[in-house]
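Engineer: So that you have it, the file is model.txt, and it contains compact mmCIF, C-alpha atoms and all ligand atoms:
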```txt
# COMPACT_ATOMS: atom_id res chain seq x y z
CA MET A 23 23.51 -10.05 10.63
CA PRO A 24 23.77 -12.85 8.03
CA TRP A 25 23.02 -11.64 4.47
CA TRP A 26 20.03 -13.99 4.05
CA VAL A 27 18.05 -12.63 7.04
CA GLU A 28 16.64 -9.60 5.20
CA PRO A 29 15.41 -11.37 2.03
CA MET A 30 13.99 -14.26 4.08
CA THR A 31 12.16 -11.85 6.41
CA VAL A 32 10.77 -9.87 3.49
CA ALA A 33 9.58 -13.06 1.81
CA ALA A 34 7.86 -14.26 5.00
CA VAL A 35 6.11 -10.91 5.61
CA LEU A 36 4.91 -10.61 2.01
CA VAL A 37 3.58 -14.18 1.99
CA ILE A 38 1.72 -13.58 5.28
CA PHE A 39 0.28 -10.30 4.00
CA GLY A 40 -0.74 -11.88 0.69
CA VAL A 41 -2.45 -14.86 2.32
CA TYR A 42 -4.17 -12.64 4.88
CA SER A 43 -5.41 -10.23 2.20
CA PHE A 44 -6.90 -12.94 0.02
CA THR A 45 -8.50 -14.59 3.05
CA VAL A 46 -10.29 -11.41 4.17
CA ILE A 47 -11.37 -10.74 0.58
CA LEU A 48 -12.95 -14.19 0.39
CA LEU A 49 -14.46 -13.93 3.90
CA TYR A 50 -16.37 -10.72 3.09
CA ASP A 51 -20.06 -11.24 3.89
CA GLY A 52 -21.36 -7.67 3.42
CA GLU A 53 -22.40 -7.33 7.05
CA TYR A 54 -22.11 -3.82 8.44
CA GLN A 55 -20.13 -3.44 11.63
CA GLU A 56 -19.51 -0.22 13.56
CA TYR A 57 -16.18 0.01 11.77
CA LEU A 58 -15.41 -1.03 8.26
CA SER A 59 -12.32 -3.13 7.74
CA PRO A 60 -9.77 -1.06 5.78
CA PHE A 61 -9.81 -3.97 3.34
CA TYR A 62 -13.51 -3.31 2.64
CA SER A 63 -13.36 0.44 1.94
CA PRO A 64 -14.92 1.76 -0.18
CA GLN A 65 -17.95 -0.49 -0.02
CA VAL A 66 -19.46 -1.40 -3.36
CA GLY A 67 -22.70 -3.23 -4.07
CA LEU A 68 -22.84 -6.18 -6.45
CA PRO A 69 -25.79 -7.18 -8.67
CA GLU A 70 -27.53 -10.41 -7.65
CA TRP A 71 -26.42 -12.34 -10.72
CA VAL A 72 -22.78 -12.19 -9.63
CA PRO A 73 -21.67 -15.68 -8.45
CA GLY A 74 -21.25 -16.07 -4.70
CA PHE A 75 -17.51 -16.74 -4.81
CA ILE A 76 -16.98 -13.23 -6.18
CA THR A 77 -16.98 -10.73 -3.35
CA ALA A 78 -17.33 -6.94 -3.48
CA PRO A 79 -13.79 -6.15 -2.24
CA MET A 80 -12.40 -7.94 -5.31
CA PHE A 81 -13.64 -5.00 -7.39
CA VAL A 82 -11.66 -2.55 -5.27
CA LEU A 83 -8.61 -4.22 -3.78
CA TRP A 84 -6.91 -4.90 -7.10
CA ILE A 85 -6.01 -1.20 -7.07
CA PRO A 86 -4.10 -1.00 -3.74
CA LEU A 87 -2.68 -4.50 -4.18
CA GLY A 88 -1.60 -3.66 -7.75
CA PHE A 89 -0.14 -0.40 -6.44
CA ARG A 90 2.02 -2.32 -3.98
CA ALA A 91 2.91 -5.12 -6.40
CA THR A 92 4.22 -2.62 -8.98
CA CYS A 93 5.88 -0.30 -6.41
CA TYR A 94 9.53 0.34 -7.28
CA TYR A 95 10.64 -0.34 -3.73
CA TYR A 96 8.64 -3.57 -3.32
CA ARG A 97 9.93 -4.76 -6.70
CA LYS A 98 13.47 -4.56 -5.38
CA ALA A 99 12.36 -6.25 -2.17
CA TYR A 100 10.51 -9.17 -3.75
CA TYR A 101 12.99 -9.75 -6.56
CA ARG A 102 15.54 -10.30 -3.81
CA ALA A 103 13.22 -12.23 -1.52
CA PHE A 104 11.54 -14.56 -4.01
CA PHE A 105 13.86 -14.73 -7.02
CA TRP A 106 17.19 -14.06 -5.30
CA ASP A 107 18.01 -11.82 -8.18
CA PRO A 108 20.30 -10.70 -6.54
CA PRO A 109 19.62 -11.87 -2.98
CA ALA A 110 21.62 -9.10 -1.29
CA CYS A 111 24.11 -6.30 -1.86
CA LEU A 112 27.09 -8.12 -0.40
CA ALA A 113 30.43 -8.38 -2.06
CA GLY A 114 30.07 -12.11 -2.61
CA ALA A 115 26.49 -11.90 -3.83
CA GLN A 116 27.49 -12.60 -7.43
CA LYS A 117 28.39 -16.13 -6.43
CA ARG A 118 24.82 -16.70 -5.36
CA GLU A 119 23.20 -15.10 -8.42
CA PRO A 120 20.90 -17.60 -10.14
CA ARG A 121 22.13 -16.37 -13.54
CA ARG A 122 25.01 -14.47 -15.02
CA ALA A 123 24.76 -10.68 -14.95
CA GLU A 124 25.33 -10.40 -18.71
CA ASN A 125 22.15 -12.43 -19.27
CA TYR A 126 20.02 -9.87 -17.47
CA ARG A 127 17.45 -8.45 -19.90
CA GLY A 128 15.37 -6.24 -17.63
CA GLU A 129 11.74 -6.67 -16.63
CA ARG A 130 10.27 -8.71 -19.46
CA ALA A 131 7.17 -10.88 -20.04
CA LEU A 132 4.62 -10.49 -17.24
CA PHE A 133 6.86 -8.06 -15.37
CA VAL A 134 6.48 -5.50 -18.12
CA LEU A 135 3.12 -4.77 -16.45
CA ASN A 136 5.10 -3.06 -13.70
CA ASN A 137 5.29 -0.09 -16.06
CA VAL A 138 1.65 0.75 -15.27
CA HIS A 139 2.64 1.76 -11.74
CA ARG A 140 1.81 5.43 -12.26
CA TYR A 141 -1.78 4.49 -13.19
CA PHE A 142 -2.10 2.51 -9.98
CA LEU A 143 -0.93 5.68 -8.23
CA TYR A 144 -3.83 7.61 -9.77
CA GLY A 145 -6.21 4.83 -8.68
CA SER A 146 -4.78 4.93 -5.16
CA TRP A 147 -5.84 8.59 -4.85
CA VAL A 148 -9.47 7.55 -5.41
CA ILE A 149 -9.18 4.81 -2.79
CA LEU A 150 -7.52 7.22 -0.36
CA ALA A 151 -10.35 9.74 -0.78
CA PHE A 152 -12.84 7.05 0.28
CA LEU A 153 -10.58 5.95 3.16
CA TRP A 154 -10.40 9.53 4.47
CA TYR A 155 -14.18 9.78 4.21
CA ASP A 156 -14.63 6.50 6.11
CA THR A 157 -12.11 7.71 8.69
CA ALA A 158 -14.20 10.85 9.30
CA LEU A 159 -17.28 8.67 9.75
CA THR A 160 -15.62 6.81 12.63
CA PHE A 161 -15.56 10.12 14.57
CA PHE A 162 -19.23 10.90 13.81
CA PRO A 163 -21.50 8.00 14.78
CA PRO A 164 -24.77 7.52 12.83
CA ASP A 165 -26.87 8.67 15.83
CA GLY A 166 -25.12 12.06 15.89
CA GLY A 167 -22.46 13.72 18.01
CA PHE A 168 -18.72 13.40 18.06
CA GLN A 169 -16.61 10.63 19.53
CA VAL A 170 -13.00 9.58 19.74
CA LYS A 171 -12.37 5.89 20.23
CA VAL A 172 -9.25 3.82 19.92
CA GLY A 173 -10.71 2.30 16.77
CA SER A 174 -11.16 5.78 15.23
CA LEU A 175 -7.57 6.71 16.06
CA LEU A 176 -6.34 3.48 14.48
CA TRP A 177 -8.29 4.30 11.32
CA LEU A 178 -6.75 7.77 11.33
CA ALA A 179 -3.19 6.49 11.84
CA ASN A 180 -3.75 3.93 9.09
CA VAL A 181 -4.99 6.44 6.53
CA VAL A 182 -2.15 8.88 7.37
CA LEU A 183 0.43 6.13 6.83
CA LEU A 184 -1.23 5.04 3.57
CA SER A 185 -1.27 8.67 2.39
CA MET A 186 2.42 9.06 3.17
CA TYR A 187 3.15 5.86 1.27
CA SER A 188 1.31 7.27 -1.75
CA PHE A 189 2.76 10.79 -1.33
CA SER A 190 6.34 9.48 -1.24
CA CYS A 191 5.89 7.30 -4.34
CA HIS A 192 8.58 7.59 -7.05
CA SER A 193 5.88 8.30 -9.65
CA MET A 194 4.55 11.09 -7.42
CA ARG A 195 7.86 12.92 -7.88
CA HIS A 196 7.26 12.84 -11.60
CA VAL A 197 3.66 14.01 -11.23
CA VAL A 198 4.40 17.01 -9.00
CA GLY A 199 7.42 18.35 -10.82
CA GLY A 200 9.85 15.73 -12.03
CA ASN A 201 8.53 16.26 -15.55
CA LYS A 202 9.70 19.92 -15.60
CA ASP A 203 13.11 21.16 -16.66
CA CYS A 204 12.65 24.71 -15.40
CA TYR A 205 10.55 25.80 -12.42
CA THR A 206 11.04 29.53 -12.86
CA CYS A 207 9.62 29.23 -16.38
CA ILE A 208 6.20 28.02 -15.24
CA ARG A 209 3.35 29.69 -13.42
CA GLY A 210 3.55 28.95 -9.68
CA GLY A 211 7.05 27.61 -10.22
CA ASN A 212 8.38 28.12 -6.72
CA ALA A 213 5.38 26.47 -5.09
CA ARG A 214 5.77 23.56 -7.44
CA ARG A 215 9.46 23.27 -6.69
CA ARG A 216 8.76 23.28 -2.95
CA LEU A 217 6.19 20.54 -3.42
CA TYR A 218 8.64 18.54 -5.54
CA ASN A 219 11.32 18.94 -2.86
CA ALA A 220 8.86 17.86 -0.15
CA VAL A 221 7.92 14.72 -2.10
CA SER A 222 11.61 14.03 -2.77
CA ARG A 223 12.43 14.28 0.95
CA GLN A 224 9.68 11.78 1.75
CA ASN A 225 10.69 9.62 -1.19
CA ALA A 226 13.96 8.94 0.65
CA HIS A 227 11.83 7.33 3.39
CA HIS A 228 9.54 5.46 0.99
CA PRO A 229 10.58 1.97 2.23
CA THR A 230 9.68 3.01 5.79
CA TRP A 231 6.26 4.29 4.71
CA ALA A 232 5.77 1.11 2.66
CA TRP A 233 6.30 -1.20 5.63
CA LEU A 234 4.55 0.97 8.22
CA SER A 235 1.44 1.30 6.06
CA LEU A 236 1.40 -2.42 5.30
CA PHE A 237 1.56 -3.30 8.99
CA SER A 238 -1.01 -0.65 9.89
CA VAL A 239 -3.54 -2.14 7.46
CA LEU A 240 -2.99 -5.57 8.98
CA PHE A 241 -3.07 -4.34 12.56
CA THR A 242 -6.17 -2.15 12.07
CA ASP A 243 -8.07 -5.00 10.44
CA ILE A 244 -7.15 -7.48 13.20
CA TYR A 245 -8.02 -4.97 15.94
CA LEU A 246 -11.43 -4.16 14.42
CA ARG A 247 -12.24 -7.85 13.98
CA LEU A 248 -11.44 -8.47 17.64
CA ILE A 249 -13.82 -5.63 18.59
CA ALA A 250 -16.56 -6.98 16.30
CA ALA A 251 -16.13 -10.45 17.84
CA GLY A 252 -16.44 -8.99 21.35
CA VAL A 253 -12.97 -10.20 22.31
CA ILE A 254 -11.78 -6.70 23.27
CA PRO A 255 -13.72 -3.50 24.04
CA ASP A 256 -13.39 -0.40 21.86
CA LEU A 257 -12.20 2.08 24.44
CA THR A 258 -13.84 5.52 24.30
CA ILE A 259 -11.57 8.52 24.84
CA ILE A 260 -14.08 11.31 24.09
CA GLY A 261 -17.81 10.98 23.60
FE1 LIG B 1 6.39 2.63 -4.18
FE2 LIG B 1 5.24 4.14 -6.09
S1 LIG B 1 7.29 3.58 -5.87
S2 LIG B 1 4.32 3.22 -4.35
```
Translate this structure into structure tokens?

Structural biologist:
Amino acid sequence: MPWWVEPMTVAAVLVIFGVYSFTVILLYDGEYQEYLSPFYSPQVGLPEWVPGFITAPMFVLWIPLGFRATCYYYRKAYYRAFFWDPPACLAGAQKREPRRAENYRGERALFVLNNVHRYFLYGSWVILAFLWYDTALTFFPPDGGFQVKVGSLLWLANVVLLSMYSFSCHSMRHVVGGNKDCYTCIRGGNARRRLYNAVSRQNAHHPTWAWLSLFSVLFTDIYLRLIAAGVIPDLTIIG
């Protein structure tokens, strides 16, 4: 495979996801459908004095979008894709570097904001709690009872993938135990070490969780919009 295929593909996917995200944010009209779009959860109300071009999801989506934009894995991916800095890990890559390696000064200027990634992680937990709540609602319709529909299962798969993306985060390793020098010296040390090891194992798959969860958000949103538009039926499995 030519070296430029990966960075070009990453650039194309990120541009498509970015354009799609901002479009659905701007399209939000507050109408309630049977399913919420994952882009619109949690729902927040806006006071009437807020100008019309400002939509409710704008007050929420800066957290998951900021979480992805500052993600250590995505940083590597988009530095390569958009800045070609470096474009790939090939032996001859230095020839294509836009600047000399000795001039590299780290993440400066605006990119210093990437250091707030761990705070976006904390914010993502709040968003995930609402997403799990909204997932449960898709199994319990407002008129009572229990149902399993394809749309509900998509919501569930989406929130599981998003949770794994968050759980496998580099900053999560620090939170659960990476900040400790000695596990046997602390209360519950072994449990904490097991949790740290579990996060570390998933951390090795973080790029996979990153891409799967990104595609699941896109796919779930498109599927639910097709249901809402009456283009496809929402198949019922139980209920
Ligand atoms: Fe990717 Fe934290 S490193 S979400």

Engineer: Just the number, please: distance in Å from CA of Tyr62 (chain A) to CA of Val41 (chain A), one decimal.

Structural biologist: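 Straight-line distance from CA of Tyr62 (chain A) to CA of Val41 (chain A) works out to 16.0 Å.
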
Engineer: Show which residues sit within 9 Å of Leu58 (chain A), as a list of chain:residue names. Count only C-alpha atoms, and ignore same-chain residues fewer than 4 positions away.

Structural biologist: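 Here the qualifying residues turn out to be A:Tyr54, A:Tyr62, A:Ser63, A:Pro64, A:Gln65, A:Asp156, A:Thr160, A:Asp243, A:Leu246.
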
Engineer: Out of A:Phe89, A:Ala158, A:His192, A:Pro29, which residue has the shortest atom-to-atom distance to Cys111 (chain A) when counting only C-alpha atoms?

Structural biologist: A:Pro29

Engineer: How many Å separate CA of Thr92 (chain A) from atom S1 of ligand LIG 1 (chain B)?

Structural biologist: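 Those two atoms sit 7.6 Å apart.
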
Engineer: Counting all atoms listed in the file, which of A:Val172, A:Val35, A:Leu183, A:Val134 gets nearest to Pro255 (chain A)?

Structural biologist: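 Ranked by minimum distance to Pro255 (chain A), first place goes to A:Val172.
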
Engineer: Throw together the list of residues within 8 Å of ligand LIG 1 (chain B), counting all atoms listed in the file, and drop it here as a list in words.

Structural biologist: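 Those residues are Phe89, Arg90, Thr92, Cys93, Tyr94, Tyr95, Tyr96, His139, Arg140, Leu143, Tyr187, Ser188, Ser190, Cys191, His192, Ser193, Met194, His228, Pro229 and Ala232 of chain A.
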
Engineer: Between A:Cys204, A:Ala78, A:Ala151, A:Val221, which one has atoms that come closest to Val182 (chain A), using all atoms listed in the file?

Structural biologist: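 Using all atoms listed in the file, Val182 (chain A) sits closest to A:Ala151.
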
Engineer: Determine the nearest neighbour of Arg195 (chain A) from the options A:Arg223, A:Val181, A:Thr157, A:Val170, counting only C-alpha atoms.

Structural biologist: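 Closest residue, counting only C-alpha atoms: A:Arg223.
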
Engineer: Report, in Å to a single decimal, how far apart CA of His227 (chain A) and CA of Ala213 (chain A) are.

Structural biologist: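 Interatomic distance here is 21.9 Å.
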
Engineer: Which residue out of A:Thr31, A:Asn219, A:Asn137, A:Ser174 has the minimum interatomic distance to Trp154 (chain A) when all atoms listed in the file are used?

Structural biologist: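 Once distances to Trp154 (chain A) are computed over all atoms listed in the file, the minimum belongs to A:Ser174.
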